[in-house]
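Next comes coords.cif, with mmCIF, C-alpha atoms.
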```
data_coords
#
loop_
_atom_site.group_PDB
_atom_site.id
_atom_site.type_symbol
_atom_site.label_atom_id
_atom_site.label_comp_id
_atom_site.auth_asym_id
_atom_site.auth_seq_id
_atom_site.Cartn_x
_atom_site.Cartn_y
_atom_site.Cartn_z
ATOM 1 C CA MET G 1 -6.667 25.805 -12.177
ATOM 2 C CA ASP G 2 -7.857 26.459 -15.750
ATOM 3 C CA ASN G 3 -6.899 29.894 -17.005
ATOM 4 C CA GLY G 4 -8.206 29.345 -20.497
ATOM 5 C CA GLY G 5 -4.954 28.216 -22.059
ATOM 6 C CA GLY G 6 -4.584 25.023 -20.074
ATOM 7 C CA ARG G 7 -4.281 23.852 -16.485
ATOM 8 C CA LYS G 8 -1.823 26.397 -15.138
ATOM 9 C CA VAL G 9 -0.401 25.927 -11.652
ATOM 10 C CA ALA G 10 2.044 28.173 -9.804
ATOM 11 C CA VAL G 11 4.516 26.493 -7.459
ATOM 12 C CA ALA G 12 6.774 28.098 -4.866
ATOM 13 C CA ALA G 13 9.885 27.227 -2.878
ATOM 14 C CA VAL G 14 10.749 29.171 0.249
ATOM 15 C CA GLN G 15 14.114 29.197 2.017
ATOM 16 C CA PHE G 16 15.210 30.771 5.274
ATOM 17 C CA ALA G 17 17.683 30.469 8.131
ATOM 18 C CA CYS G 18 16.263 28.566 11.091
ATOM 19 C CA THR G 19 16.659 29.475 14.719
ATOM 20 C CA ASP G 20 16.186 26.756 17.341
ATOM 21 C CA SER G 21 12.828 28.203 18.377
ATOM 22 C CA PRO G 22 9.869 26.375 16.803
ATOM 23 C CA SER G 23 7.546 29.349 17.283
ATOM 24 C CA ASP G 24 9.974 31.686 15.528
ATOM 25 C CA ASN G 25 10.464 29.299 12.622
ATOM 26 C CA ILE G 26 6.749 28.645 12.215
ATOM 27 C CA ALA G 27 6.181 32.413 12.156
ATOM 28 C CA THR G 28 8.868 32.826 9.495
ATOM 29 C CA ALA G 29 7.392 30.014 7.432
ATOM 30 C CA GLU G 30 3.946 31.584 7.664
ATOM 31 C CA ARG G 31 5.277 34.980 6.583
ATOM 32 C CA LEU G 32 6.975 33.471 3.535
ATOM 33 C CA ILE G 33 3.926 31.347 2.689
ATOM 34 C CA ARG G 34 1.821 34.488 2.691
ATOM 35 C CA GLU G 35 4.367 36.218 0.474
ATOM 36 C CA ALA G 36 4.321 33.292 -1.947
ATOM 37 C CA HIS G 37 0.523 33.389 -1.988
ATOM 38 C CA LYS G 38 0.593 37.088 -2.854
ATOM 39 C CA LYS G 39 2.859 36.198 -5.782
ATOM 40 C CA GLY G 40 0.214 33.774 -7.018
ATOM 41 C CA ALA G 41 1.550 30.450 -5.736
ATOM 42 C CA ASN G 42 -0.870 27.530 -5.430
ATOM 43 C CA ILE G 43 1.544 24.887 -4.065
ATOM 44 C CA ILE G 44 4.190 26.093 -1.601
ATOM 45 C CA LEU G 45 7.134 24.020 -0.378
ATOM 46 C CA ILE G 46 8.816 24.687 2.988
ATOM 47 C CA GLN G 47 12.261 23.256 3.749
ATOM 48 C CA GLU G 48 12.907 20.009 5.616
ATOM 49 C CA LEU G 49 12.513 19.895 9.440
ATOM 50 C CA PHE G 50 11.970 23.670 9.520
ATOM 51 C CA GLU G 51 10.789 23.785 13.153
ATOM 52 C CA GLY G 52 14.350 24.030 14.451
ATOM 53 C CA TYR G 53 18.030 23.466 13.844
ATOM 54 C CA TYR G 54 19.065 20.448 11.832
ATOM 55 C CA PHE G 55 19.764 18.418 14.965
ATOM 56 C CA CYS G 56 21.169 15.353 13.175
ATOM 57 C CA GLN G 57 24.695 16.774 13.388
ATOM 58 C CA ALA G 58 24.851 15.018 16.787
ATOM 59 C CA GLN G 59 23.711 11.754 18.339
ATOM 60 C CA ARG G 60 21.915 12.985 21.446
ATOM 61 C CA GLU G 61 19.148 11.263 23.362
ATOM 62 C CA ASP G 62 17.639 14.578 24.428
ATOM 63 C CA PHE G 63 16.909 15.464 20.809
ATOM 64 C CA PHE G 64 14.244 12.747 20.654
ATOM 65 C CA LYS G 65 12.129 15.177 22.684
ATOM 66 C CA ARG G 66 11.765 17.201 19.482
ATOM 67 C CA ALA G 67 9.572 14.484 17.950
ATOM 68 C CA LYS G 68 5.776 14.757 18.033
ATOM 69 C CA PRO G 69 2.988 12.406 16.960
ATOM 70 C CA TYR G 70 1.360 12.915 13.578
ATOM 71 C CA LYS G 71 -2.186 13.237 14.841
ATOM 72 C CA ASN G 72 -3.015 16.552 16.522
ATOM 73 C CA ASN G 73 0.481 17.816 15.738
ATOM 74 C CA PRO G 74 0.339 21.550 16.542
ATOM 75 C CA THR G 75 2.509 22.594 13.595
ATOM 76 C CA ILE G 76 0.424 20.586 11.140
ATOM 77 C CA LEU G 77 -2.795 21.990 12.623
ATOM 78 C CA LYS G 78 -1.436 25.520 12.233
ATOM 79 C CA MET G 79 -0.494 24.882 8.614
ATOM 80 C CA GLN G 80 -3.949 23.427 7.957
ATOM 81 C CA GLU G 81 -5.451 26.724 9.094
ATOM 82 C CA ILE G 82 -3.130 28.712 6.826
ATOM 83 C CA ALA G 83 -3.728 26.425 3.835
ATOM 84 C CA LYS G 84 -7.507 26.737 4.219
ATOM 85 C CA GLU G 85 -7.375 30.517 4.650
ATOM 86 C CA LEU G 86 -5.168 31.089 1.593
ATOM 87 C CA GLY G 87 -6.371 28.217 -0.573
ATOM 88 C CA VAL G 88 -2.876 26.778 -1.021
ATOM 89 C CA VAL G 89 -1.319 23.320 -0.839
ATOM 90 C CA LEU G 90 1.331 22.921 1.878
ATOM 91 C CA PRO G 91 3.597 19.886 2.369
ATOM 92 C CA VAL G 92 4.652 20.107 6.043
ATOM 93 C CA SER G 93 7.892 18.430 7.168
ATOM 94 C CA PHE G 94 8.201 17.263 10.787
ATOM 95 C CA PHE G 95 9.973 14.849 13.159
ATOM 96 C CA GLU G 96 7.380 12.144 13.829
ATOM 97 C CA GLU G 97 7.034 9.971 16.920
ATOM 98 C CA ALA G 98 4.947 6.833 16.363
ATOM 99 C CA ASN G 99 4.949 4.835 19.594
ATOM 100 C CA ASN G 100 8.571 3.622 19.799
ATOM 101 C CA ALA G 101 9.374 4.439 16.178
ATOM 102 C CA HIS G 102 10.534 7.756 14.785
ATOM 103 C CA TYR G 103 10.352 9.050 11.225
ATOM 104 C CA ASN G 104 11.398 11.989 9.096
ATOM 105 C CA SER G 105 7.918 12.679 7.770
ATOM 106 C CA ILE G 106 5.834 15.074 5.732
ATOM 107 C CA ALA G 107 2.087 15.710 5.850
ATOM 108 C CA ILE G 108 0.389 16.945 2.693
ATOM 109 C CA ILE G 109 -2.201 19.655 3.342
ATOM 110 C CA ASP G 110 -4.667 20.401 0.551
ATOM 111 C CA ALA G 111 -5.990 23.845 -0.333
ATOM 112 C CA ASP G 112 -9.101 23.405 1.821
ATOM 113 C CA GLY G 113 -7.033 22.467 4.878
ATOM 114 C CA THR G 114 -7.604 18.729 4.524
ATOM 115 C CA ASP G 115 -4.713 16.496 5.564
ATOM 116 C CA LEU G 116 -4.278 14.153 2.583
ATOM 117 C CA GLY G 117 -1.866 11.813 4.331
ATOM 118 C CA LEU G 118 1.718 11.142 5.237
ATOM 119 C CA TYR G 119 4.969 10.250 3.528
ATOM 120 C CA ARG G 120 7.892 8.934 5.589
ATOM 121 C CA LYS G 121 11.433 9.409 4.270
ATOM 122 C CA SER G 122 12.646 6.202 2.666
ATOM 123 C CA HIS G 123 16.405 6.693 2.327
ATOM 124 C CA ILE G 124 18.106 7.581 5.629
ATOM 125 C CA PRO G 125 21.659 8.969 5.439
ATOM 126 C CA ASP G 126 24.413 8.349 7.950
ATOM 127 C CA GLY G 127 27.613 10.375 7.660
ATOM 128 C CA PRO G 128 29.494 13.127 9.473
ATOM 129 C CA GLY G 129 27.064 15.941 10.194
ATOM 130 C CA TYR G 130 24.096 14.026 8.770
ATOM 131 C CA GLN G 131 23.612 11.215 11.307
ATOM 132 C CA GLU G 132 19.953 10.571 10.581
ATOM 133 C CA LYS G 133 20.023 6.816 11.187
ATOM 134 C CA TYR G 134 20.366 7.527 14.908
ATOM 135 C CA TYR G 135 16.963 9.252 14.927
ATOM 136 C CA PHE G 136 14.852 7.934 12.065
ATOM 137 C CA ASN G 137 13.494 4.523 11.171
ATOM 138 C CA PRO G 138 13.422 3.846 7.430
ATOM 139 C CA GLY G 139 10.099 5.050 6.073
ATOM 140 C CA ASP G 140 7.421 2.417 5.526
ATOM 141 C CA THR G 141 4.897 4.315 3.402
ATOM 142 C CA GLY G 142 6.494 3.699 0.036
ATOM 143 C CA PHE G 143 6.585 6.448 -2.552
ATOM 144 C CA LYS G 144 3.229 8.141 -2.852
ATOM 145 C CA VAL G 145 1.359 10.587 -5.054
ATOM 146 C CA PHE G 146 -1.204 12.957 -3.565
ATOM 147 C CA THR G 147 -4.147 14.329 -5.521
ATOM 148 C CA THR G 148 -4.455 17.969 -4.496
ATOM 149 C CA LYS G 149 -6.780 20.688 -5.737
ATOM 150 C CA TYR G 150 -4.232 21.876 -8.267
ATOM 151 C CA ALA G 151 -2.167 18.861 -9.301
ATOM 152 C CA LYS G 152 -1.048 15.349 -8.494
ATOM 153 C CA ILE G 153 2.176 15.794 -6.547
ATOM 154 C CA GLY G 154 4.942 13.442 -5.517
ATOM 155 C CA VAL G 155 6.797 14.479 -2.374
ATOM 156 C CA ALA G 156 10.040 12.931 -1.137
ATOM 157 C CA ILE G 157 12.592 14.202 1.371
ATOM 158 C CA CYS G 158 16.241 15.310 1.065
ATOM 159 C CA TRP G 159 18.417 12.165 0.694
ATOM 160 C CA ASP G 160 15.582 10.626 -1.348
ATOM 161 C CA GLN G 161 16.416 13.199 -4.013
ATOM 162 C CA TRP G 162 19.661 11.407 -4.916
ATOM 163 C CA PHE G 163 17.784 8.281 -6.049
ATOM 164 C CA PRO G 164 16.315 8.249 -9.567
ATOM 165 C CA GLU G 165 14.196 5.242 -8.603
ATOM 166 C CA ALA G 166 12.185 7.411 -6.192
ATOM 167 C CA ALA G 167 11.469 10.085 -8.781
ATOM 168 C CA ARG G 168 10.485 7.502 -11.398
ATOM 169 C CA ALA G 169 8.241 5.659 -8.922
ATOM 170 C CA MET G 170 6.314 8.850 -8.214
ATOM 171 C CA ALA G 171 6.123 9.795 -11.882
ATOM 172 C CA LEU G 172 4.804 6.339 -12.796
ATOM 173 C CA GLN G 173 2.009 6.842 -10.262
ATOM 174 C CA GLY G 174 0.973 10.015 -12.060
ATOM 175 C CA ALA G 175 2.898 12.751 -10.259
ATOM 176 C CA GLU G 176 2.703 15.968 -12.281
ATOM 177 C CA ILE G 177 5.137 17.842 -10.025
ATOM 178 C CA LEU G 178 7.940 16.506 -7.818
ATOM 179 C CA LEU G 179 8.776 18.273 -4.541
ATOM 180 C CA TYR G 180 11.833 17.779 -2.329
ATOM 181 C CA PRO G 181 12.179 19.594 1.028
ATOM 182 C CA THR G 182 15.843 19.548 2.012
ATOM 183 C CA ALA G 183 18.491 20.347 4.634
ATOM 184 C CA ILE G 184 21.942 20.191 3.035
ATOM 185 C CA GLY G 185 25.117 22.220 3.220
ATOM 186 C CA SER G 186 28.778 21.949 4.082
ATOM 187 C CA GLU G 187 30.478 18.734 5.171
ATOM 188 C CA PRO G 188 31.963 18.965 8.693
ATOM 189 C CA GLN G 189 34.665 16.389 7.888
ATOM 190 C CA ASP G 190 35.770 18.098 4.636
ATOM 191 C CA THR G 191 35.520 21.878 4.360
ATOM 192 C CA GLY G 192 36.629 21.678 0.742
ATOM 193 C CA LEU G 193 33.689 19.553 -0.344
ATOM 194 C CA ASP G 194 30.817 21.516 -1.891
ATOM 195 C CA SER G 195 27.994 19.338 -3.210
ATOM 196 C CA CYS G 196 25.712 22.194 -4.284
ATOM 197 C CA GLU G 197 26.127 21.933 -8.048
ATOM 198 C CA HIS G 198 25.962 18.124 -7.917
ATOM 199 C CA TRP G 199 22.804 18.364 -5.799
ATOM 200 C CA LYS G 200 21.096 20.605 -8.328
ATOM 201 C CA ARG G 201 22.141 18.612 -11.381
ATOM 202 C CA VAL G 202 20.824 15.329 -9.959
ATOM 203 C CA MET G 203 17.365 16.782 -9.433
ATOM 204 C CA GLN G 204 17.416 18.577 -12.764
ATOM 205 C CA GLY G 205 17.982 15.121 -14.197
ATOM 206 C CA HIS G 206 14.899 13.794 -12.398
ATOM 207 C CA ALA G 207 12.796 16.590 -13.895
ATOM 208 C CA GLY G 208 14.185 16.005 -17.374
ATOM 209 C CA ALA G 209 14.076 12.194 -17.289
ATOM 210 C CA ASN G 210 10.459 12.172 -16.116
ATOM 211 C CA LEU G 211 9.328 15.340 -17.947
ATOM 212 C CA VAL G 212 7.790 16.926 -14.862
ATOM 213 C CA PRO G 213 8.493 20.204 -13.042
ATOM 214 C CA LEU G 214 10.424 19.897 -9.786
ATOM 215 C CA VAL G 215 10.648 22.070 -6.676
ATOM 216 C CA ALA G 216 13.501 21.880 -4.132
ATOM 217 C CA SER G 217 13.533 23.902 -0.912
ATOM 218 C CA ASN G 218 16.682 24.114 1.229
ATOM 219 C CA ARG G 219 17.632 26.157 4.287
ATOM 220 C CA ILE G 220 20.384 28.760 4.649
ATOM 221 C CA GLY G 221 22.530 29.916 7.554
ATOM 222 C CA THR G 222 25.176 28.399 9.828
ATOM 223 C CA GLU G 223 24.079 26.096 12.633
ATOM 224 C CA ILE G 224 26.281 24.869 15.491
ATOM 225 C CA ILE G 225 25.261 21.781 17.457
ATOM 226 C CA LYS G 226 27.010 20.476 20.565
ATOM 227 C CA THR G 227 28.072 16.858 20.114
ATOM 228 C CA GLU G 228 29.889 14.303 22.249
ATOM 229 C CA HIS G 229 33.076 15.291 20.409
ATOM 230 C CA GLY G 230 32.656 19.071 20.640
ATOM 231 C CA ASP G 231 30.831 21.507 18.401
ATOM 232 C CA SER G 232 29.726 20.516 14.902
ATOM 233 C CA GLN G 233 28.963 23.191 12.325
ATOM 234 C CA ILE G 234 27.142 23.164 8.994
ATOM 235 C CA THR G 235 26.591 26.132 6.705
ATOM 236 C CA PHE G 236 23.518 25.344 4.628
ATOM 237 C CA TYR G 237 23.841 26.415 1.028
ATOM 238 C CA GLY G 238 20.282 27.282 0.093
ATOM 239 C CA ASN G 239 20.073 27.420 -3.712
ATOM 240 C CA SER G 240 16.435 26.392 -3.542
ATOM 241 C CA PHE G 241 15.162 26.121 -7.085
ATOM 242 C CA ILE G 242 12.339 25.288 -9.447
ATOM 243 C CA ALA G 243 13.078 23.264 -12.574
ATOM 244 C CA GLY G 244 10.937 22.817 -15.652
ATOM 245 C CA PRO G 245 10.135 19.534 -17.399
ATOM 246 C CA THR G 246 13.360 19.422 -19.406
ATOM 247 C CA GLY G 247 15.440 20.030 -16.282
ATOM 248 C CA GLU G 248 15.929 23.725 -16.981
ATOM 249 C CA ILE G 249 16.138 25.945 -13.888
ATOM 250 C CA VAL G 250 13.448 28.619 -14.074
ATOM 251 C CA ALA G 251 13.906 30.144 -10.604
ATOM 252 C CA ILE G 252 16.713 29.863 -8.047
ATOM 253 C CA GLY G 253 17.804 31.372 -4.749
ATOM 254 C CA ASN G 254 21.342 32.035 -3.596
ATOM 255 C CA ASN G 255 23.291 30.631 -0.646
ATOM 256 C CA LYS G 256 22.753 33.497 1.800
ATOM 257 C CA GLU G 257 19.409 35.227 1.391
ATOM 258 C CA GLU G 258 15.871 34.398 2.384
ATOM 259 C CA SER G 259 13.897 33.659 -0.769
ATOM 260 C CA VAL G 260 10.420 33.112 -2.137
ATOM 261 C CA LEU G 261 10.632 31.569 -5.604
ATOM 262 C CA VAL G 262 7.555 31.216 -7.802
ATOM 263 C CA ALA G 263 7.063 29.733 -11.266
ATOM 264 C CA GLU G 264 3.957 28.838 -13.249
ATOM 265 C CA PHE G 265 3.539 25.744 -15.402
ATOM 266 C CA ASP G 266 0.865 24.684 -17.874
ATOM 267 C CA LEU G 267 0.371 21.094 -16.778
ATOM 268 C CA ASP G 268 -1.779 20.166 -19.759
ATOM 269 C CA LYS G 269 0.905 21.363 -22.168
ATOM 270 C CA ILE G 270 3.578 19.479 -20.222
ATOM 271 C CA LYS G 271 1.417 16.337 -20.255
ATOM 272 C CA SER G 272 1.286 16.476 -24.045
ATOM 273 C CA GLN G 273 5.061 16.973 -24.217
ATOM 274 C CA ARG G 274 5.609 14.069 -21.812
ATOM 275 C CA HIS G 275 3.436 11.709 -23.832
ATOM 276 C CA GLY G 276 4.914 12.831 -27.131
ATOM 277 C CA TRP G 277 8.513 12.322 -26.020
ATOM 278 C CA GLY G 278 7.963 8.578 -25.726
ATOM 279 C CA VAL G 279 10.013 7.668 -22.664
ATOM 280 C CA TYR G 280 6.988 6.162 -20.920
ATOM 281 C CA ARG G 281 5.832 4.376 -24.086
ATOM 282 C CA ASP G 282 9.246 2.784 -24.614
ATOM 283 C CA ARG G 283 9.948 1.655 -21.068
ATOM 284 C CA ARG G 284 10.891 -2.029 -20.601
ATOM 285 C CA PRO G 285 9.909 -3.023 -17.046
ATOM 286 C CA ASP G 286 10.575 -6.656 -17.911
ATOM 287 C CA LEU G 287 14.287 -5.799 -18.223
ATOM 288 C CA TYR G 288 14.548 -3.858 -14.969
ATOM 289 C CA LYS G 289 14.507 -6.767 -12.493
ATOM 290 C CA VAL G 290 18.137 -5.991 -11.667
ATOM 291 C CA LEU G 291 16.868 -2.865 -9.895
ATOM 292 C CA LEU G 292 15.373 -5.119 -7.239
ATOM 293 C CA THR G 293 18.853 -6.319 -6.255
ATOM 294 C CA LEU G 294 21.641 -4.742 -4.251
ATOM 295 C CA ASP G 295 24.556 -6.354 -6.088
ATOM 296 C CA GLY G 296 23.241 -6.149 -9.630
ATOM 297 C CA GLN G 297 23.392 -9.914 -9.984
ATOM 298 C CA THR G 298 21.187 -11.803 -7.568
ATOM 299 C CA GLN G 299 17.804 -12.182 -9.208
ATOM 300 C CA LYS G 300 14.843 -12.312 -6.887
ATOM 301 C CA PRO G 301 11.760 -14.391 -7.750
ATOM 302 C CA PHE G 302 8.653 -12.459 -8.628
#
```
Let me see whether you can do it: turn the structure in this file into structure tokens.
Amino acid sequence: MDNGGGRKVAVAAVQFACTDSPSDNIATAERLIREAHKKGANIILIQELFEGYYFCQAQREDFFKRAKPYKNNPTILKMQEIAKELGVVLPVSFFEEANNAHYNSIAIIDADGTDLGLYRKSHIPDGPGYQEKYYFNPGDTGFKVFTTKYAKIGVAICWDQWFPEAARAMALQGAEILLYPTAIGSEPQDTGLDSCEHWKRVMQGHAGANLVPLVASNRIGTEIIKTEHGDSQITFYGNSFIAGPTGEIVAIGNNKEESVLVAEFDLDKIKSQRHGWGVYRDRRPDLYKVLLTLDGQTQKPF
């Protein structure tokens, strides 16, 4: 929106502890969305797979029952109603069933309630506590940018945030803001491993390298899931944050408390800074063919 001094847009990240009741979590998300709206937010990011516990701690066939089709998805329909009522943009994370395929997906709801389309998570992790390859096919949408009422946004999901290629791909397509819904915390196999600071710094780098604001929303709380080997436990470390276009953190939550973070950016001013800095002018795509390889050596024909 134009407030006289440029195209100023307020973004928000919300974080909360999930129960394993979809109705409870949707109600919590709605309450925090409304709070963010009261604080002036135009684009509001909810955490990854917020309808329930992060079930990927275990490989269980019964957890596939949590998946729902994209079309006529009740959670998406509810968020469309809220977005239209409040005039806000809402990326909505969900476990998608598509015939015999399953995806970790996000629907982008514009400020008038219109569903702008779907992104499916591209990078699927597989490690202790984060066994997503059991549930999710690799996303097939490619990295996308969505033109919303307030800004062009690029939205990727959790493990995607560790890959600079994803952030750059969205920025090259015109993304003015990057958003990453997340579910990350402790490592069940190594209680001494804390990735929180690493996690933040990587995304701060994406913001700074691409000269765009970035929003990350993570959950909090401890969740215990029964597995074939006994109980698995993750304590999610929150620290949801909003970074500015040089990677500076302008708002951040802690690792225990429910949060609604809001920050405003002048997108026209940032556009001028981005163009003036020269990193897009001086790119050399002709030298980047190695990025299309896995081993850094085998050149693929174009």
>> For a test of reading the model, state the distance in Å between CA of Glu176 (chain G) and CA of Pro213 (chain G), rounded to one decimal.
In response: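 That distance, rounded to one decimal, is 7.2 Å.
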With 12 Å as the cut-off and only C-alpha atoms counted, what is the closest atom pair between each nearby residue of region 112-162 of chain G and region 7-11 of chain G? Distances in Å to one decimal, ordered by chain and number, as CSV.
```
residue,atom,partner,partner_atom,distance
G:Thr148,CA,G:Val9,CA,11.4
G:Lys149,CA,G:Val9,CA,10.2
G:Tyr150,CA,G:Val9,CA,6.5
G:Ala151,CA,G:Val9,CA,7.7
G:Lys152,CA,G:Val9,CA,11.1
G:Ile153,CA,G:Val11,CA,11.0
```
Could you save those same residues with C-alpha atoms as a compact mmCIF listing (two decimals), in the frame of the given file?
```
# COMPACT_ATOMS: atom_id res chain seq x y z
CA THR G 148 -4.46 17.97 -4.50
CA LYS G 149 -6.78 20.69 -5.74
CA TYR G 150 -4.23 21.88 -8.27
CA ALA G 151 -2.17 18.86 -9.30
CA LYS G 152 -1.05 15.35 -8.49
CA ILE G 153 2.18 15.79 -6.55
```
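Taking only C-alpha atoms into account, Ala67 (chain G) lies nearest to G:Glu96 out of the set G:Glu96, G:Glu85, G:Asp231, G:Asp115.
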> Between G:Leu214, G:Pro22, G:Gln204, G:Leu172, which has the minimum distance to Arg281 (chain G) (counting all atoms listed in the file)?
Replying inline: G:Leu172
>> Can you tell me which residues surround Leu32 (chain G) at a distance of at most 10 Å, considering only C-alpha atoms, apart from same-chain residues fewer than 2 positions away, and format the answer as a PyMOL selection string?
In response: chain G and resi 12-16+26-30+34-38+44+46+258-260
>> Can you spell out as a PyMOL selection string the set of residues that the PyMOL selection byres ((chain G and resi 125) around 12) selects in the structure I just provided?
In response: chain G and resi 56-57+104+121-124+126-138+157-162+183-184
>> Evaluated on this file, the PyMOL selection byres ((chain G and resi 256) around 7) picks out some residues - which ones are they, written as a list in words?
In response: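 Output of the PyMOL selection byres ((chain G and resi 256) around 7): Ile220, Gly221, Gly238, Asn254, Asn255, Glu257 and Glu258 of chain G.
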>> I'd like to know which of G:Ala167, G:Gln233, G:Gly205, G:Lys289 is closest to Thr191 (chain G), using all atoms listed in the file.
In response: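 Ranked by minimum distance to Thr191 (chain G), first place goes to G:Gln233.
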> CA of Thr293 (chain G) and CA of Tyr280 (chain G), how far apart in Å?
Replying inline: 22.6 Å
> Pick the closest to Pro188 (chain G) from G:Val155, G:Ile252, G:Ala98, G:Ala58: which is it, counting all atoms listed in the file?
Replying inline: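 Counting all atoms listed in the file, the residue closest to Pro188 (chain G) is G:Ala58.
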> Any chance you could work out the residue set of the PyMOL selection byres ((chain G and resi 86) around 10) here, as a ChimeraX atom specification?
Replying inline: /G:33-34,37-38,41-42,81-85,87-89,111-113
> Quick one: of G:Phe95, G:Tyr53, G:Tyr237, G:Phe265, who's nearest to Val250 (chain G), counting all atoms listed in the file?
Replying inline: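 Closest to Val250 (chain G) of all the choices is G:Phe265.
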For Tyr119 (chain G), work out the shell of residues within 9 Å, counting all atoms listed in the file and skipping chain neighbours fewer than 5 positions away, then give it as a PDB file with C-alpha atoms, in the frame of the given file.
```pdb
ATOM      1  CA  ASN G 104      11.398  11.989   9.096  1.00  0.00           C
ATOM      2  CA  SER G 105       7.918  12.679   7.770  1.00  0.00           C
ATOM      3  CA  ILE G 106       5.834  15.074   5.732  1.00  0.00           C
ATOM      4  CA  ALA G 107       2.087  15.710   5.850  1.00  0.00           C
ATOM      5  CA  ILE G 108       0.389  16.945   2.693  1.00  0.00           C
ATOM      6  CA  GLY G 139      10.099   5.050   6.073  1.00  0.00           C
ATOM      7  CA  ASP G 140       7.421   2.417   5.526  1.00  0.00           C
ATOM      8  CA  THR G 141       4.897   4.315   3.402  1.00  0.00           C
ATOM      9  CA  GLY G 142       6.494   3.699   0.036  1.00  0.00           C
ATOM     10  CA  PHE G 143       6.585   6.448  -2.552  1.00  0.00           C
ATOM     11  CA  LYS G 144       3.229   8.141  -2.852  1.00  0.00           C
ATOM     12  CA  VAL G 155       6.797  14.479  -2.374  1.00  0.00           C
ATOM     13  CA  ALA G 156      10.040  12.931  -1.137  1.00  0.00           C
ATOM     14  CA  ILE G 157      12.592  14.202   1.371  1.00  0.00           C
TER      15      ILE G 157
END
```
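All protein, DNA and RNA residues at most 12 Å from (18.4, 5.9, -12.2) are Gln161, Trp162, Phe163, Pro164, Glu165, Ala166, Ala167, Arg168, Ala169, Val202, Met203, Gly205, His206, Ala209, Asn210, Tyr288, Val290 and Leu291 of chain G, using all atoms listed in the file.
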>> Considering only C-alpha atoms, can you say which of G:Gly244, G:Asp194, G:Gly40, G:Leu77 comes closest to Val262 (chain G)?
In response: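 For Val262 (chain G), the nearest of the candidates is G:Gly40.
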> Between CA of Leu179 (chain G) and CA of Gly117 (chain G), what is the spacing in Å?
Replying inline: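 Going from CA of Gly117 (chain G) over to CA of Leu179 (chain G) covers 15.3 Å.
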>> Set the distance at 9 Å and use all atoms listed in the file: which residues neighbour Glu223 (chain G) once local chain neighbours fewer than 5 positions away are removed? I'd like the list as number ranges by chain.
In response: G: 17-19, 53-54, 232-236
Missing atoms in region 83-94 of chain G: can you complete it with N, CA and C atoms, as a PDB file, in the frame of the given file?
```pdb
ATOM      1  N   ALA G  83      -3.388  26.951   5.155  1.00  0.00           N
ATOM      2  CA  ALA G  83      -3.728  26.425   3.835  1.00  0.00           C
ATOM      3  C   ALA G  83      -5.184  26.716   3.495  1.00  0.00           C
ATOM      4  N   LYS G  84      -6.079  26.496   4.453  1.00  0.00           N
ATOM      5  CA  LYS G  84      -7.507  26.737   4.219  1.00  0.00           C
ATOM      6  C   LYS G  84      -7.786  28.217   3.985  1.00  0.00           C
ATOM      7  N   GLU G  85      -7.167  29.073   4.789  1.00  0.00           N
ATOM      8  CA  GLU G  85      -7.375  30.517   4.650  1.00  0.00           C
ATOM      9  C   GLU G  85      -6.929  31.021   3.276  1.00  0.00           C
ATOM     10  N   LEU G  86      -5.758  30.568   2.826  1.00  0.00           N
ATOM     11  CA  LEU G  86      -5.168  31.089   1.593  1.00  0.00           C
ATOM     12  C   LEU G  86      -5.540  30.281   0.355  1.00  0.00           C
ATOM     13  N   GLY G  87      -6.053  29.073   0.555  1.00  0.00           N
ATOM     14  CA  GLY G  87      -6.371  28.217  -0.573  1.00  0.00           C
ATOM     15  C   GLY G  87      -5.132  27.679  -1.268  1.00  0.00           C
ATOM     16  N   VAL G  88      -4.130  27.281  -0.465  1.00  0.00           N
ATOM     17  CA  VAL G  88      -2.876  26.778  -1.021  1.00  0.00           C
ATOM     18  C   VAL G  88      -2.587  25.379  -0.487  1.00  0.00           C
ATOM     19  N   VAL G  89      -1.779  24.649  -1.249  1.00  0.00           N
ATOM     20  CA  VAL G  89      -1.319  23.320  -0.839  1.00  0.00           C
ATOM     21  C   VAL G  89       0.008  23.465  -0.112  1.00  0.00           C
ATOM     22  N   LEU G  90       0.134  22.799   1.051  1.00  0.00           N
ATOM     23  CA  LEU G  90       1.331  22.921   1.878  1.00  0.00           C
ATOM     24  C   LEU G  90       1.837  21.540   2.315  1.00  0.00           C
ATOM     25  N   PRO G  91       2.926  21.036   1.761  1.00  0.00           N
ATOM     26  CA  PRO G  91       3.597  19.886   2.369  1.00  0.00           C
ATOM     27  C   PRO G  91       4.345  20.341   3.638  1.00  0.00           C
ATOM     28  N   VAL G  92       4.129  19.662   4.741  1.00  0.00           N
ATOM     29  CA  VAL G  92       4.652  20.107   6.043  1.00  0.00           C
ATOM     30  C   VAL G  92       5.582  19.038   6.625  1.00  0.00           C
ATOM     31  N   SER G  93       6.872  19.341   6.664  1.00  0.00           N
ATOM     32  CA  SER G  93       7.892  18.430   7.168  1.00  0.00           C
ATOM     33  C   SER G  93       7.939  18.475   8.696  1.00  0.00           C
ATOM     34  N   PHE G  94       8.116  17.291   9.325  1.00  0.00           N
ATOM     35  CA  PHE G  94       8.201  17.263  10.787  1.00  0.00           C
ATOM     36  C   PHE G  94       8.877  15.974  11.251  1.00  0.00           C
TER      37      PHE G  94
END
```
